[in-house]
Each structure stands twice: as structure tokens, then as C-alpha cells.
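entry.csv (CSV, C-alpha atoms)
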chain,number,residue,atom,x,y,z
A,17,MET,CA,1.9,5.1,-4.1
A,18,ILE,CA,1.8,1.3,-4.7
A,19,LYS,CA,5.2,1.4,-6.4
A,20,LYS,CA,6.7,3.3,-3.4
A,21,GLN,CA,5.2,0.7,-1.0
A,22,GLN,CA,6.7,-2.1,-3.0
A,23,LYS,CA,10.1,-0.5,-2.8
A,24,TRP,CA,9.8,-0.1,1.0
A,25,ILE,CA,8.7,-3.7,1.4
A,26,ALA,CA,11.7,-5.0,-0.7
A,27,LEU,CA,14.1,-2.8,1.4
A,28,LEU,CA,12.7,-4.0,4.7
A,29,VAL,CA,12.9,-7.7,3.6
A,30,THR,CA,16.5,-7.2,2.5
A,31,PHE,CA,17.6,-5.6,5.8
A,32,ALA,CA,15.8,-8.2,7.9
A,33,PHE,CA,17.4,-11.1,6.0
A,34,ALA,CA,20.8,-9.6,6.3
A,35,TRP,CA,20.4,-9.1,10.1
A,36,LEU,CA,19.2,-12.7,10.6
A,37,LEU,CA,22.1,-14.0,8.6
A,38,GLN,CA,24.5,-12.1,10.7
A,39,VAL,CA,23.0,-13.3,13.9
A,40,SER,CA,23.1,-16.9,12.7
A,41,THR,CA,26.9,-16.8,12.2
A,42,MET,CA,27.6,-15.6,15.8
A,43,PRO,CA,29.1,-18.4,18.0
A,44,LEU,CA,26.9,-19.9,20.8
A,45,ALA,CA,28.1,-19.3,24.4
A,46,ALA,CA,29.8,-22.3,25.9
A,47,ALA,CA,28.0,-22.1,29.2
A,48,ASN,CA,28.9,-25.6,30.4
A,49,THR,CA,32.6,-25.3,29.8
A,50,THR,CA,32.7,-21.9,31.5
A,51,GLU,CA,31.1,-23.3,34.6
A,52,LYS,CA,33.5,-26.3,34.8
A,53,ILE,CA,36.6,-24.2,34.4
A,54,SER,CA,35.5,-21.6,36.9
A,55,SER,CA,34.8,-24.3,39.5
A,56,ALA,CA,38.3,-25.8,39.2
A,57,ASN,CA,41.2,-24.1,41.1
A,58,VAL,CA,44.1,-22.4,39.3
A,59,GLU,CA,46.5,-25.3,39.8
A,60,GLN,CA,44.1,-27.9,38.4
A,61,ALA,CA,42.9,-25.8,35.5
A,62,PRO,CA,45.5,-26.9,32.9
A,63,ARG,CA,45.1,-30.6,33.7
A,64,PHE,CA,41.3,-30.2,33.9
A,65,ILE,CA,41.1,-28.7,30.5
A,66,GLU,CA,43.4,-31.4,29.0
A,67,GLU,CA,41.3,-34.2,30.5
A,68,GLU,CA,38.1,-32.6,29.3
A,69,GLY,CA,39.7,-32.2,25.9
A,70,ASP,CA,40.7,-35.8,25.7
A,71,ALA,CA,37.7,-37.5,27.2
A,72,GLY,CA,34.8,-35.2,26.4
A,73,TYR,CA,35.8,-33.7,23.1
A,74,GLN,CA,33.2,-34.0,20.4
A,75,ALA,CA,33.1,-32.6,16.9
A,76,LYS,CA,31.1,-29.4,16.8
A,77,LYS,CA,27.8,-30.0,15.1
A,78,LYS,CA,26.9,-27.7,12.2
A,79,SER,CA,23.9,-25.4,12.9
A,80,ILE,CA,21.0,-25.6,10.5
A,81,VAL,CA,20.0,-22.1,11.3
A,82,PRO,CA,21.9,-20.5,8.4
A,83,ILE,CA,20.3,-23.0,6.0
A,84,ILE,CA,16.9,-22.1,7.3
A,85,LEU,CA,17.6,-18.4,7.1
A,86,ILE,CA,18.8,-18.8,3.5
A,87,GLY,CA,15.6,-20.6,2.6
A,88,VAL,CA,13.5,-17.9,4.2
A,89,GLY,CA,15.5,-15.3,2.4
A,90,VAL,CA,15.0,-17.0,-1.0
A,91,VAL,CA,11.2,-17.2,-0.3
A,92,ALA,CA,11.1,-13.6,0.8
A,93,VAL,CA,13.0,-12.4,-2.3
A,94,ALA,CA,10.7,-14.5,-4.6
A,95,ALA,CA,7.6,-13.0,-2.9
A,96,VAL,CA,8.9,-9.4,-3.4
A,97,LEU,CA,9.7,-10.1,-7.0
A,98,PHE,CA,6.2,-11.5,-7.5
A,99,LEU,CA,4.7,-8.5,-5.9
A,100,VAL,CA,6.8,-5.9,-7.8
A,101,VAL,CA,7.0,-7.5,-11.2
A,102,LEU,CA,4.3,-10.1,-11.8
A,103,LYS,CA,1.6,-8.2,-9.9
A,104,THR,CA,2.2,-4.9,-11.7
A,105,ASN,CA,-1.2,-3.9,-13.3
A,106,TYR,CA,-0.9,-1.9,-16.4
A,107,ASP,CA,-3.9,0.2,-17.2
A,108,ILE,CA,-4.4,1.5,-20.7
A,109,THR,CA,-7.5,3.5,-19.9
A,110,GLY,CA,-7.1,7.2,-19.9
A,111,THR,CA,-5.5,9.9,-22.1
A,112,TRP,CA,-2.3,9.3,-24.0
A,113,ASP,CA,-0.1,11.3,-26.3
A,114,ILE,CA,0.9,8.9,-29.2
A,115,SER,CA,3.7,9.8,-31.6
A,116,ILE,CA,3.7,8.2,-35.0
A,117,HIS,CA,6.9,7.7,-37.0
A,118,TYR,CA,6.6,6.5,-40.6
A,119,ALA,CA,9.2,4.2,-42.1
A,120,THR,CA,8.9,6.2,-45.3
A,121,THR,CA,9.5,9.9,-45.9
A,122,GLU,CA,6.4,10.1,-48.0
A,123,PHE,CA,4.4,10.8,-44.9
A,124,GLN,CA,5.0,13.3,-42.1
A,125,ASP,CA,5.4,12.1,-38.5
A,126,TYR,CA,2.9,13.5,-36.0
A,127,THR,CA,1.7,13.3,-32.4
A,128,SER,CA,-2.0,13.2,-31.4
A,129,THR,CA,-4.2,12.6,-28.4
A,130,TRP,CA,-5.8,9.3,-27.8
A,131,VAL,CA,-8.4,8.5,-25.1
A,132,PHE,CA,-8.9,4.8,-24.2
A,133,SER,CA,-12.2,3.9,-22.6
A,134,GLY,CA,-13.1,0.5,-21.2
A,135,ASN,CA,-11.1,-1.7,-18.9
A,136,LYS,CA,-7.6,-3.1,-18.6
A,137,GLU,CA,-8.2,-5.8,-21.2
A,138,SER,CA,-10.5,-4.3,-23.9
A,139,GLY,CA,-12.5,-1.3,-25.0
A,140,THR,CA,-12.6,1.5,-27.4
A,141,PHE,CA,-10.4,4.5,-28.2
A,142,MET,CA,-10.8,7.9,-29.8
A,143,GLU,CA,-7.9,9.7,-31.5
A,144,THR,CA,-8.1,13.4,-31.9
A,145,GLN,CA,-6.0,15.2,-34.5
A,146,ASN,CA,-6.4,18.6,-36.0
A,147,GLY,CA,-10.0,18.7,-34.8
A,148,ASN,CA,-10.9,15.4,-36.3
A,149,THR,CA,-11.7,12.2,-34.4
A,150,TYR,CA,-10.9,8.6,-35.4
A,151,PRO,CA,-12.5,5.8,-33.3
A,152,GLY,CA,-11.3,2.2,-32.9
A,153,THR,CA,-11.0,-0.7,-30.5
A,154,TYR,CA,-8.2,-2.1,-28.4
A,155,LYS,CA,-7.1,-5.3,-26.5
A,156,VAL,CA,-4.5,-6.0,-23.9
A,157,THR,CA,-3.2,-9.5,-23.6
A,158,ASN,CA,-0.9,-11.1,-21.0
A,159,LYS,CA,-1.5,-8.0,-19.0
A,160,LYS,CA,1.2,-6.2,-21.0
A,161,ASP,CA,0.8,-6.7,-24.8
A,162,VAL,CA,-1.4,-4.2,-26.5
A,163,TRP,CA,-3.3,-4.2,-29.8
A,164,PHE,CA,-5.5,-1.6,-31.3
A,165,LYS,CA,-7.1,-0.8,-34.7
A,166,TYR,CA,-9.2,1.9,-36.3
A,167,ASN,CA,-12.8,1.1,-37.1
A,168,ASP,CA,-12.7,2.7,-40.6
A,169,TYR,CA,-9.0,2.2,-41.6
A,170,THR,CA,-6.5,-0.5,-42.0
A,171,ASP,CA,-3.9,0.9,-39.6
A,172,THR,CA,-3.2,-1.8,-37.0
A,173,PHE,CA,-1.0,-1.1,-34.0
A,174,VAL,CA,0.8,-3.7,-31.8
A,175,GLY,CA,3.2,-3.2,-28.9
A,176,LYS,CA,3.6,-3.4,-25.2
A,177,PHE,CA,3.8,-1.4,-22.0
A,178,ASP,CA,7.3,-0.1,-21.1
A,179,GLY,CA,6.1,1.0,-17.8
A,180,LYS,CA,2.8,2.2,-16.2
A,181,ASP,CA,2.8,5.3,-18.3
A,182,LYS,CA,4.8,4.3,-21.4
A,183,MET,CA,4.0,2.1,-24.4
A,184,SER,CA,5.7,1.5,-27.7
A,185,GLY,CA,5.4,-0.7,-30.8
A,186,THR,CA,4.9,-0.9,-34.5
A,187,PHE,CA,2.0,-0.3,-36.9
A,188,SER,CA,1.2,-1.3,-40.4
A,189,THR,CA,-1.3,-1.1,-43.2
A,190,ASP,CA,-1.5,-2.6,-46.7
A,191,SER,CA,0.9,-0.1,-48.1
A,192,TYR,CA,3.2,1.4,-45.3
A,193,ASP,CA,4.4,0.8,-41.8
A,194,GLY,CA,6.3,2.5,-39.0
A,195,THR,CA,6.8,2.7,-35.2
A,196,TRP,CA,4.9,4.5,-32.4
A,197,THR,CA,5.5,5.6,-28.8
A,198,ALA,CA,3.0,6.7,-26.2
A,199,SER,CA,3.1,8.6,-22.9
A,200,LYS,CA,0.2,8.6,-20.6
A,201,LYS,CA,-1.1,11.9,-19.3
A,202,SER,CA,-1.7,12.5,-15.6
A,203,SER,CA,-5.3,13.2,-14.6
A,204,SER,CA,-4.5,16.9,-14.0
A,205,THR,CA,-2.7,17.2,-17.4
A,206,ALA,CA,-5.4,15.4,-19.3
A,207,SER,CA,-8.1,17.7,-18.0
A,208,ARG,CA,-6.4,20.7,-19.7
A,209,PRO,CA,-7.3,21.4,-23.4
A,210,ALA,CA,-4.8,19.7,-25.6
A,211,PRO,CA,-3.1,21.8,-28.3
A,212,LEU,CA,-3.9,20.6,-31.9
A,213,ALA,CA,-1.2,18.4,-33.4
A,214,ARG,CA,0.9,19.7,-36.2
A,215,PRO,CA,-0.8,19.1,-39.5
A,216,ALA,CA,0.2,15.9,-41.3
A,217,PHE,CA,1.2,17.4,-44.6
A,218,ALA,CA,1.2,14.1,-46.5
A,219,ALA,CA,-1.3,12.1,-44.4
A,220,PRO,CA,-1.8,8.5,-45.7
A,221,LYS,CA,-4.8,8.0,-47.7
A,222,SER,CA,-5.7,4.7,-46.1
A,223,LYS,CA,-6.3,6.5,-42.8
A,224,ARG,CA,-7.1,10.1,-43.6
A,225,GLY,CA,-9.0,9.6,-46.8
Output the structure of this file as C-alpha cells.
Amino acid sequence: MIKKQQKWIALLVTFAFAWLLQVSTMPLAAANTTEKISSANVEQAPRFIEEEGDAGYQAKKKSIVPIILIGVGVVAVAAVLFLVVLKTNYDITGTWDISIHYATTEFQDYTSTWVFSGNKESGTFMETQNGNTYPGTYKVTNKKDVWFKYNDYTDTFVGKFDGKDKMSGTFSTDSYDGTWTASKKSSSTASRPAPLARPAFAAPKSKRG
């Protein structure tokens, strides 16, 4: 919902700025000149215009309205970018499907369910795989960079949010490493019983014992 509102705000600001810029380029009505010409008769009109042109001509002053509007537009765009990008709050809490890919063929890749509990900056997690659970802790820095580690094993994960419901990164231990990707489950999906992950045939000893 928040993301949709941000898009509508950005669209509204863009249209408003375009309309104001178009209005600023429209020529102002020369009311005084129209009145003077209409008050002169037809025979005197050419000479009247010449005299007015010779005696009363002044260089047209540039309007500062376009400059003001450009400044307002820049500020508006900057505000929208701040709202959409910098104010995006990534929330790691909840249920995620995390896929592990080992850099070596010695171990088999797998996907398991992780539940992160705490707040947006730190807390604990519980991985469930094949009926077993593996607890650990996590941290989120700079509102986007993530770090988590098992309590009883050396596997350490680092990465970042790729969106509100996507994460990716790398992991390593003393003897192997690899990459991981994560997809956050919706509340309705997370409430359903998750199927057991495919057995890790050659699970690393440092983690699975």
C-alpha cells in the first residue's frame, strides 16, 4: 500500500510540474498596447504604432517564473526520491525461504524455512530443515545490509535486501563458502505448513554435525 501511494505521489508531482512549466512559457497579454491601438483611428494607426515603437520601445524583461518553477520542480523531485528510496524501510522479521548454493559440488544445495524474530535491526532466527531446527542471531545495518550467524556453527551469512521481500548474499565457514538467496513469505503463505526441504545428501559437518 505504501509503495503504491509513493508512486501516485511521484506521478502527481510530475504532472503538476509539467503543467506549471507550460503555463510559465505562455506570453503575457499586452493590455496597455491593445487599449492604445483601439483608441486610435484607422488612419492614425500605422503612424501611432511607429511612434510608440520608436519612443516607448523597451527590451522585454525576462520572467523569473520559469526559474522559480524549475527550482520548485527540483525540490519536489528530490523530495519524492527521498520518500521512495531513502525512506524505504526493509523489515527482516517474518518467514523466509532461503536457498543455499555451495561453491563446491561436495555439498548439495538446499532450500529451508527461516523465521526471523526481533526488530528491523537485530534479533534471532530459527532455521527449519528436515524436521531439525538451527537457531542463530541477525543484524541489519544501514537499513539494508544484513548479517546472520548460527549459534552452534561457524556458518556466517552476509548480504543485503534486493527489495522488501528479496535478499541475497554470500556465506562462508572455515572450510567452504557459497551464495544464498531469500524470498519472504506473505502472512497467508507463512501460516501454511511448509513442506520439508529436500535432504542435504552431503551436508557440511561444520553445520550439521
Exercise: Val156 of chain A partners within 8 Å, only C-alpha atoms, chain neighbours under 6 positions left out, as a PyMOL selection string
chain A and resi 136-138+162-163
Residues within 12 Å of Ser133 of chain A, please, as a list in words. Count only C-alpha atoms; anything in the same chain fewer than 3 positions from it doesn't count.
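So, after excluding close chain neighbours, the residues are Asp107, Ile108, Thr109, Gly110, Thr111, Trp112, Trp130, Lys136, Glu137, Ser138, Gly139, Thr140, Phe141, Met142, Glu143, Pro151, Gly152, Thr153, Tyr154 and Lys155 of chain A.
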Could you tell me how far atom CA of Asp178 of chain A lies from atom CA of Tyr118 of chain A, in Å and to one decimal?
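Going from atom CA of Asp178 of chain A over to atom CA of Tyr118 of chain A, I get 20.6 Å.
Reported to one decimal place, the separation of atom CA of Asp161 of chain A from atom CA of Asn146 of chain A is 28.6 Å.
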In Å and to one decimal, atom CA of Ile114 of chain A is distant from atom CA of Thr197 of chain A by 5.7 Å
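Nearest to Thr144 of chain A of all the residues A:Tyr126, A:Asp171, A:Ser203, A:Asn158 is A:Tyr126, based on only C-alpha atoms.
In terms of minimum interatomic distance to Thr127 of chain A, A:Ala198 ranks closest within A:Ile86, A:Met183, A:Ala198, A:Ile80, counting only C-alpha atoms.
Each of A:Phe132, A:Glu122, A:Gly147, A:Lys180 was checked against Tyr192 of chain A using only C-alpha atoms; the smallest atom-to-atom distance is that of A:Glu122.
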